[in-house]
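Note sheet for the following structure.
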Amino acid sequence: MSTAASTDYYAAPGEEPTTGTVYTSQGGDWAEIAQEQAERGDETLVINMGPQHPSTHGVLRLILECDGETVLSVRPGIGFLHTGIEKNMEYRTWAQGSTFVTRMDYVAPLFNEAAYCLAVERLLGIEDKIPQRANEIRVLMMELNRIASHLVAVGTGGMEIGALTVMTIGFREREMILDFFEAVTGLRMNHAYIRPGGVANDLPESGLAQLRDLIKWLEDHLPEYALFCNENPIFQGRMMGVGHQDLTACMALGVTGPMLRATGLPADLRKAQPYCGYETYDFEVCAWRPEDGWAGADAYARFRVRLDEMWQSLKIVRQCAERLEQSVGMPVMVDDLKIGSPADLAVGPDGQGNSNEHIRHIMGESMEALIHHFKLVTEGFRVPAGQAYVPIESPKGELGCHVVSDGGTRPHRAHMRDPGFNHLQSVPIQCEGGMISDVVVAVGSIDPVMGGVDR
Amino acid sequence: MSGQPTPGANLPGEEKTVDEPVADNGSAPGAGLEREDAQPSEQPVVAPATRRGMWSDGSPDTSGYGEIVREVWRPTASPRPLPGDHERVVARLEELEGDPFTLVVFDRGELTVHVRRERLLAVLEHLRNDAALRYELCASVSGVHYPNDAGAELHSVYHLGSWTHNRRLRVETTCPDADPHVPSVCSLYPAADWHEREAWDMFGIVYDGHPSLTRILMPDDWVGHPQRKDYPLGGIPVEYKGAVVPPPDQRRTYR
């Protein structure tokens with residue numbers, strides 16, 4: 001917070017401020033800062049919020065210029081969680097990529113995996129050969145993950161305005177979903193469950209029973225959010241009219257997902273450009289309607305859209321449960337031995353996925369099976385040269401995966417278009433001119449996950 | 001999709017007896033070419049790139065497979081007319097802009113138009129504004145580094161979407177390493193702001209006219225552009241019980 005441009009280490013050499021006072025967020029000695037403030041005589045404060053602020057959803061940094069409590073300007077700074085996932089993927093096989101992308105948006109890991117795998121499958125030309133049961137499991141896992149992600153968005157968003165109960169019950173329901181994920185994939189997050197060609201393993205024997213319990217649990221508990229929040233005057237007072245961004249601004253800034261639907265445009269890639277067989281499921285796109293009785297395009301409308309979407313997701317989950325009962329025993333990996341893992345994985349009691357029968361087969365019975373397994377694991381499969389971009393509807397908006405192959409065993413380039421990355425550009429348009437306390441609400445309603453934003 | 005191998009087509013010389021002379025000698029697999037990877041040379045628009053050997057460059061090879069040559073077929077110019085709506089999109093653009101394309105590729109259901117960087121803004125302006133095109137969404141700007149693509153090492157790829165017509169389109173433009181300048185599309189698509197900053201940060205593509213082209217993911221004082229192919233992945237060798245595992249980018253890997 002020094003006004004002297006000369007202490008800005010990153011400014012270009014010799015650069016002089018062109019107009020007025022330049023505010024930097026470099027830190028400095030408090031006595032000097034107070035002295036400068038006294039000399040300047042205005043009320044403008046530069047506040048550095050984050051990257052370790054608890055209500056910035058991880059390591060988001062917001063540089064606020066405030067007059068009293070009014071935000072004059074806000075600039076989001078990101079990159080604190082950049083881990084070079086995309087670069088790393090260029091040094092691993094195509095199948096290993098699933099393990100990397102799942103760590104991007106860690107609140108919705110299965111969507112990252114799905115987008116990546118759909119893109120790789122398009123390059124491989126096996127989109128039509130994905131087994132029906134694999135698609136059903138993918139849809140099931142994605143929709144449960146959508147509920148879990150929305151619960152985090154609603155729960156942490158509530159917590160940040162003081163509604164702590166919304167957070168505690170939100171995480172309670174999410175825990176139930178994560179328990180189901182753990183039973184299916186062996187892990188609560190970082191699943192690497194969806195693989196190019198299908199999914200890693202079938203549901204466990206008790207999977208469908210557990211799924212029915214989960215559906216029952218969600219049916220019992222999801223109404224609580226509406227009861228707690230919808231008509232709550234404090235909740236409405238904090239959220240209505242806050243973080244306003246209308247349809248025009250959403251179009252200009254490439255906003256998708258609940259933020260766009262809260263302005264009244266029922267845009268949903270699951271309907272518009274279906275993938276994984278979404279066109280065969282019965283569900284509705286939730287968007288704000290003028291007759292809803294509250295103004296759209298603000299934090300409250302986004303909250304209501306997320307709430308409605310959880311019910312629609314649950315509706316899809318119920319349909320998945322029915323279909324999965326019909327398709328027990330059907331394959332979950334593409335019938336191409338050069339792509340699909342031969343390992344016949346299943347989550348064991350120790351959480352590991354090895355099948356003892358398969359290990360006995362390759363170690364004791366068949367040299368060729370061993371060679372095949374070895375080649376597929378170490379060398380992987382080759383993907384024909386070309387590029388593909390597959391967008392899917394993640395809980396936050398359009399999640400796109402751009403992969404480029406040079407015909408080798410590794411991606412030439414893999415890029416994730418994360419909705420959070422794009423949406424954080426909306427922070428200034430939503431917050432400038434408002435109160436500092438509303439910045440927290442607006443950022444919460446954007447629902448960024450920094451793992452996905454920074455990758 | 002010319003240049004792509006036709007599935008099920010016989011390889012050159014297949015179903016012939018040993019005594020029969022091979023008609024087109026040039027299309028038969030050459031010496032050392034791995035037979036199962038040989039492609040029928042339909043009408044090669046450009047010669048396919050080749051890769052030699054099994055392993056990454058500089059790796060010791062005792063396998064005897066070092067002389068394998070693999071052909072890599074890239075999608076090339078697609079024959080017109082393109083299927084379905086795609087032809088209408090391309091025809092409309094040609095009507096508005098003359099012939100702005102260096103290449104039109106329709107591959108795996110996705111349409112990519114390659115334009116020269118001088119015409120990028122004009123093409124994108126029509127794509128956004130024309131009622132028949134109306135691509136309102138610029139979902140992503142993605143840099144790609146092709147070190148072997150002489151004179152066009154850096155590619156800037158725009159993924160556009162149209163809510164009105166429910167279509168997708170990819171626009172690709174290139175710039176050489178020596179002059180890494182591409183016009184910024186921020187004036188047309190404000191959403192491209194951060195995406196272009198990321199492409200600058202990771203690939204060093206300079207987007208002319210961008211309001212503030214600064215690093216976004218890497219620290220401000222970082223040197224280099226990490227996702228370029230000539231930038232090492234980094235990492236240190238790890239020793240465990242006397243054996244040393246090199247960092248991932250120095251391990252011997254399959255091509």
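Convention: chains lettered A, B, ... in structure tokens order; per-chain residue numbering from 1; ligands numbered from 1 as shown.
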key: chain B contacts on chain A, only C-alpha atoms, 7 Å, as a ChimeraX atom specification   = /A:10,78-79,82,87,91,122,251-254,272,379,385-386,407-409,413,417,422,454
Print the selection's residues with C-alpha atoms to a file, as a PDB file, in the first residue's frame.
ATOM      1  CA  TYR A  10       7.204  -5.539 -11.219  1.00  0.00           C
ATOM      2  CA  ILE A  78      -5.421 -15.754  -9.495  1.00  0.00           C
ATOM      3  CA  GLY A  79      -2.663 -18.300 -10.010  1.00  0.00           C
ATOM      4  CA  HIS A  82      -1.357 -23.210 -10.383  1.00  0.00           C
ATOM      5  CA  LYS A  87       2.014 -29.372 -18.724  1.00  0.00           C
ATOM      6  CA  TYR A  91       4.475 -36.290 -20.108  1.00  0.00           C
ATOM      7  CA  ARG A 122     -13.696 -38.394 -29.896  1.00  0.00           C
ATOM      8  CA  MET A 251     -23.159 -12.886 -23.002  1.00  0.00           C
ATOM      9  CA  ALA A 252     -20.256 -10.463 -23.239  1.00  0.00           C
ATOM     10  CA  LEU A 253     -18.271 -12.250 -20.555  1.00  0.00           C
ATOM     11  CA  GLY A 254     -18.971 -15.755 -21.799  1.00  0.00           C
ATOM     12  CA  ALA A 272     -28.574 -28.425 -26.320  1.00  0.00           C
ATOM     13  CA  GLU A 379       3.223 -47.700 -23.367  1.00  0.00           C
ATOM     14  CA  ALA A 385      -3.459 -37.039 -34.702  1.00  0.00           C
ATOM     15  CA  GLY A 386      -5.937 -34.196 -34.579  1.00  0.00           C
ATOM     16  CA  GLY A 407      -0.433 -39.413 -33.003  1.00  0.00           C
ATOM     17  CA  GLY A 408       1.641 -40.491 -30.028  1.00  0.00           C
ATOM     18  CA  THR A 409       1.043 -42.119 -26.681  1.00  0.00           C
ATOM     19  CA  ARG A 413      -1.583 -30.450 -25.538  1.00  0.00           C
ATOM     20  CA  ARG A 417     -11.680 -24.438 -20.182  1.00  0.00           C
ATOM     21  CA  ASN A 422     -13.944 -17.506 -17.062  1.00  0.00           C
ATOM     22  CA  ASP A 454      -5.585 -22.169 -11.674  1.00  0.00           C
TER      23      ASP A 454
END
request  = Find the residue from A:Val403, A:Ala148, A:Ile429, A:Val305 that sits nearest to Asn230 in chain A; use only C-alpha atoms when measuring.
outcome  = A:Val305
message = What does the structure give for the distance between CA of Pro100 in chain B and CA of His402 in chain A, in Å to one decimal?
response =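 Computing it gives 24.1 Å between the two atoms.
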ask   = Can you list, as a ChimeraX atom specification, every protein, DNA or RNA residue that comes within 9 Å of Ile205 in chain B when you count only C-alpha atoms, leaving out same-chain residues fewer than 6 positions away?
value = /B:143,154-156,175,177,179-182,196-197,199
With C-alpha atoms retained, write the just-selected residues as a short mmCIF file (atom, residue, chain, number, x, y, z; two decimals), in the first residue's frame.
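Below is the file that was written, out.cif:
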data_model
loop_
_atom_site.label_atom_id
_atom_site.label_comp_id
_atom_site.auth_asym_id
_atom_site.auth_seq_id
_atom_site.Cartn_x
_atom_site.Cartn_y
_atom_site.Cartn_z
CA GLY B 143 -2.48 -21.69 -27.23
CA LEU B 154 2.45 -20.89 -32.22
CA HIS B 155 -1.23 -21.49 -32.75
CA SER B 156 -4.01 -19.56 -31.10
CA CYS B 175 2.15 -16.85 -35.74
CA ASP B 177 8.11 -17.87 -32.99
CA ASP B 179 7.17 -12.63 -34.48
CA PRO B 180 4.68 -13.94 -31.90
CA HIS B 181 1.96 -11.35 -32.47
CA VAL B 182 -1.74 -12.03 -32.87
CA GLU B 196 -5.48 -14.44 -23.85
CA ARG B 197 -3.50 -13.55 -20.75
CA ALA B 199 -1.98 -17.96 -23.60
#
Enumerate as a JSON list (two decimals) with C-alpha atoms, in the first residue's frame all residues of range 31-196 of chain A assigned to strand (DSSP E or B) by DSSP on the backbone, naming them with the chain letters and numbers the document uses.
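part08.json was written with the following content:
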[["chain", "number", "residue", "atom", "x", "y", "z"],
["A", 44, "THR", "CA", -9.58, 5.69, -0.46],
["A", 45, "LEU", "CA", -8.15, 2.49, 0.89],
["A", 46, "VAL", "CA", -6.53, -0.30, -1.04],
["A", 47, "ILE", "CA", -7.40, -3.57, 0.61],
["A", 48, "ASN", "CA", -5.75, -6.81, -0.22],
["A", 49, "MET", "CA", -8.34, -9.53, 0.42],
["A", 61, "ARG", "CA", -6.88, -12.73, -4.15],
["A", 62, "LEU", "CA", -9.06, -9.66, -4.48],
["A", 63, "ILE", "CA", -7.51, -6.21, -4.60],
["A", 64, "LEU", "CA", -10.18, -3.78, -3.53],
["A", 65, "GLU", "CA", -10.07, -0.03, -3.77],
["A", 66, "CYS", "CA", -12.57, 1.28, -1.27],
["A", 67, "ASP", "CA", -14.03, 4.58, -0.28],
["A", 70, "THR", "CA", -18.01, 1.21, -0.89],
["A", 71, "VAL", "CA", -15.98, -0.73, -3.42],
["A", 72, "LEU", "CA", -14.63, 1.60, -6.09],
["A", 73, "SER", "CA", -12.79, -1.06, -8.02],
["A", 74, "VAL", "CA", -11.90, -4.68, -7.57],
["A", 75, "ARG", "CA", -9.30, -6.73, -9.42],
["A", 76, "PRO", "CA", -9.17, -10.48, -8.91],
["A", 77, "GLY", "CA", -5.72, -12.05, -8.85],
["A", 194, "ILE", "CA", -14.00, -42.29, -15.63],
["A", 195, "ARG", "CA", -11.40, -43.52, -18.10]]
query = If we count only C-alpha atoms, what is near Val383 in chain A at a cut-off of 10 Å, once residues fewer than 6 positions away on the same chain are taken out, given as a PyMOL selection string?
reply = chain A and resi 94+120-125+339+404-411
Serialized selection, N, CA and C atoms, as a PDB file, in the first residue's frame:
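So out.pdb came out as:
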ATOM      1  N   TRP A  94      -2.170 -41.215 -22.252  1.00  0.00           N
ATOM      2  CA  TRP A  94      -3.543 -40.699 -22.356  1.00  0.00           C
ATOM      3  C   TRP A  94      -4.380 -41.198 -21.192  1.00  0.00           C
ATOM      4  N   VAL A 120     -10.966 -37.430 -25.501  1.00  0.00           N
ATOM      5  CA  VAL A 120     -10.042 -38.471 -25.978  1.00  0.00           C
ATOM      6  C   VAL A 120     -10.805 -39.504 -26.809  1.00  0.00           C
ATOM      7  N   GLU A 121     -12.011 -39.830 -26.366  1.00  0.00           N
ATOM      8  CA  GLU A 121     -12.809 -40.800 -27.120  1.00  0.00           C
ATOM      9  C   GLU A 121     -13.171 -40.263 -28.499  1.00  0.00           C
ATOM     10  N   ARG A 122     -13.409 -38.962 -28.582  1.00  0.00           N
ATOM     11  CA  ARG A 122     -13.696 -38.394 -29.896  1.00  0.00           C
ATOM     12  C   ARG A 122     -12.476 -38.525 -30.797  1.00  0.00           C
ATOM     13  N   LEU A 123     -11.300 -38.277 -30.260  1.00  0.00           N
ATOM     14  CA  LEU A 123     -10.092 -38.424 -31.069  1.00  0.00           C
ATOM     15  C   LEU A 123      -9.889 -39.879 -31.489  1.00  0.00           C
ATOM     16  N   LEU A 124     -10.199 -40.788 -30.582  1.00  0.00           N
ATOM     17  CA  LEU A 124     -10.033 -42.201 -30.891  1.00  0.00           C
ATOM     18  C   LEU A 124     -11.109 -42.709 -31.840  1.00  0.00           C
ATOM     19  N   GLY A 125     -12.204 -41.955 -31.960  1.00  0.00           N
ATOM     20  CA  GLY A 125     -13.311 -42.404 -32.807  1.00  0.00           C
ATOM     21  C   GLY A 125     -14.111 -43.530 -32.194  1.00  0.00           C
ATOM     22  N   ILE A 339      -7.418 -50.599 -26.059  1.00  0.00           N
ATOM     23  CA  ILE A 339      -7.687 -49.358 -25.322  1.00  0.00           C
ATOM     24  C   ILE A 339      -8.102 -49.656 -23.883  1.00  0.00           C
ATOM     25  N   VAL A 404      -5.112 -32.023 -28.052  1.00  0.00           N
ATOM     26  CA  VAL A 404      -4.447 -32.108 -29.343  1.00  0.00           C
ATOM     27  C   VAL A 404      -3.543 -33.319 -29.301  1.00  0.00           C
ATOM     28  N   SER A 405      -3.653 -34.166 -30.309  1.00  0.00           N
ATOM     29  CA  SER A 405      -2.795 -35.338 -30.376  1.00  0.00           C
ATOM     30  C   SER A 405      -1.868 -35.210 -31.575  1.00  0.00           C
ATOM     31  N   ASP A 406      -0.632 -35.655 -31.411  1.00  0.00           N
ATOM     32  CA  ASP A 406       0.265 -35.729 -32.553  1.00  0.00           C
ATOM     33  C   ASP A 406       0.438 -37.181 -32.992  1.00  0.00           C
ATOM     34  N   GLY A 407      -0.487 -38.017 -32.593  1.00  0.00           N
ATOM     35  CA  GLY A 407      -0.433 -39.413 -33.003  1.00  0.00           C
ATOM     36  C   GLY A 407       0.357 -40.285 -32.059  1.00  0.00           C
ATOM     37  N   GLY A 408       0.809 -39.738 -30.944  1.00  0.00           N
ATOM     38  CA  GLY A 408       1.641 -40.491 -30.028  1.00  0.00           C
ATOM     39  C   GLY A 408       0.879 -41.038 -28.844  1.00  0.00           C
ATOM     40  N   THR A 409       1.638 -41.501 -27.858  1.00  0.00           N
ATOM     41  CA  THR A 409       1.043 -42.119 -26.681  1.00  0.00           C
ATOM     42  C   THR A 409       0.726 -41.098 -25.600  1.00  0.00           C
ATOM     43  N   ARG A 410       1.100 -39.863 -25.837  1.00  0.00           N
ATOM     44  CA  ARG A 410       0.854 -38.794 -24.861  1.00  0.00           C
ATOM     45  C   ARG A 410       0.135 -37.635 -25.540  1.00  0.00           C
ATOM     46  N   PRO A 411      -0.614 -36.844 -24.770  1.00  0.00           N
ATOM     47  CA  PRO A 411      -1.227 -35.660 -25.378  1.00  0.00           C
ATOM     48  C   PRO A 411      -0.148 -34.671 -25.828  1.00  0.00           C
TER      49      PRO A 411
END
ask   = So which bits of range 253-370 of chain A end up helix (DSSP H, G or I) when you DSSP the backbone, as a ChimeraX atom specification?
value = /A:258-261,269-272,278-280,290-292,299-326,356-365,367-370
ask   = When you draw a straight line from CA of Val154 in chain A to CA of Ser445 in chain A, how long is it in Å?
value = 8.2 Å
ask   = What does the distance between CA of Pro290 in chain A and CA of Thr263 in chain A come to in Å, to one decimal place?
value =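 Those two atoms sit 9.5 Å apart.
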inquiry  = Excluding range 211-213 of chain A and its own-chain neighbours fewer than 2 positions away, which residues fall within 9 Å of it when counting only C-alpha atoms? Please give them as a VMD selection string.
reply    = chain A and resid 180 206 to 209 215 to 218 317 to 318 321
Could you write those residues out with C-alpha atoms, as a CSV table (one decimal), in the first residue's frame?
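What ended up in selection23.csv:
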chain,number,residue,atom,x,y,z
A,180,PHE,CA,-21.3,-43.6,-2.1
A,206,SER,CA,-24.0,-53.5,-2.6
A,207,GLY,CA,-23.8,-50.5,-4.9
A,208,LEU,CA,-27.5,-50.4,-6.0
A,209,ALA,CA,-28.7,-50.9,-2.4
A,215,ILE,CA,-31.7,-41.4,-2.9
A,216,LYS,CA,-34.0,-41.8,0.1
A,217,TRP,CA,-31.6,-39.7,2.3
A,218,LEU,CA,-31.5,-36.9,-0.3
A,317,VAL,CA,-30.3,-40.2,-10.5
A,318,ARG,CA,-33.5,-42.1,-9.9
A,321,ALA,CA,-30.9,-46.4,-10.6
ask   = Could you pull the residues within 10 Å of Ala122 in chain B, counting only C-alpha atoms, minus those fewer than 5 positions along the same chain, as an MDAnalysis selection string?
value = chainID B and resid 96:97 100 117 127
request  = For Thr378 in chain A, work out the shell of residues within 9 Å, counting only C-alpha atoms and skipping chain neighbours fewer than 2 positions away, then give it as a ChimeraX atom specification.
outcome  = /A:93,373-376,380 /B:253-254
Hey, could you make a per-residue contact list for range 207-320 of chain A against range 160-172 of chain A with 9 Å as the cut-off, showing the nearest pair of atoms and its distance in Å to one decimal, counting only C-alpha atoms, sorted by chain and number, as a tab-separated table?
residue	atom	partner	partner_atom	distance
A:His221	CA	A:Ile169	CA	8.6
A:Glu224	CA	A:Ile169	CA	8.6
A:Tyr225	CA	A:Val166	CA	7.0
A:Phe228	CA	A:Val166	CA	7.6
A:Cys229	CA	A:Val166	CA	8.2
A:Phe235	CA	A:Ala163	CA	7.9
A:Arg238	CA	A:Ile161	CA	7.4
Preceding selection exported with N, CA and C atoms as an mmCIF file, in the first residue's frame:
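File written: selection39.cif
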data_model
loop_
_atom_site.group_PDB
_atom_site.id
_atom_site.type_symbol
_atom_site.label_atom_id
_atom_site.label_comp_id
_atom_site.auth_asym_id
_atom_site.auth_seq_id
_atom_site.Cartn_x
_atom_site.Cartn_y
_atom_site.Cartn_z
ATOM 1 N N HIS A 221 -33.847 -34.996 2.954
ATOM 2 C CA HIS A 221 -33.116 -33.855 3.500
ATOM 3 C C HIS A 221 -32.993 -32.647 2.581
ATOM 4 N N GLU A 224 -34.892 -29.322 3.257
ATOM 5 C CA GLU A 224 -34.506 -28.450 4.369
ATOM 6 C C GLU A 224 -33.924 -27.121 3.893
ATOM 7 N N TYR A 225 -33.222 -27.160 2.760
ATOM 8 C CA TYR A 225 -32.560 -25.941 2.296
ATOM 9 C C TYR A 225 -33.594 -24.885 1.951
ATOM 10 N N PHE A 228 -35.095 -23.575 5.188
ATOM 11 C CA PHE A 228 -34.211 -22.680 5.944
ATOM 12 C C PHE A 228 -34.018 -21.338 5.252
ATOM 13 N N CYS A 229 -33.905 -21.357 3.951
ATOM 14 C CA CYS A 229 -33.365 -20.185 3.247
ATOM 15 C C CYS A 229 -34.392 -19.389 2.461
ATOM 16 N N PHE A 235 -31.499 -13.929 4.897
ATOM 17 C CA PHE A 235 -30.920 -14.541 3.707
ATOM 18 C C PHE A 235 -31.293 -13.747 2.456
ATOM 19 N N ARG A 238 -29.574 -10.308 2.374
ATOM 20 C CA ARG A 238 -28.163 -10.318 1.996
ATOM 21 C C ARG A 238 -27.950 -10.650 0.525
#
task = Kindly indicate which residue among A:Met363, A:Val107, A:Leu345, A:Val441 lies nearest to Ser149 in chain A, using only C-alpha atoms for the distances.
result = A:Val107
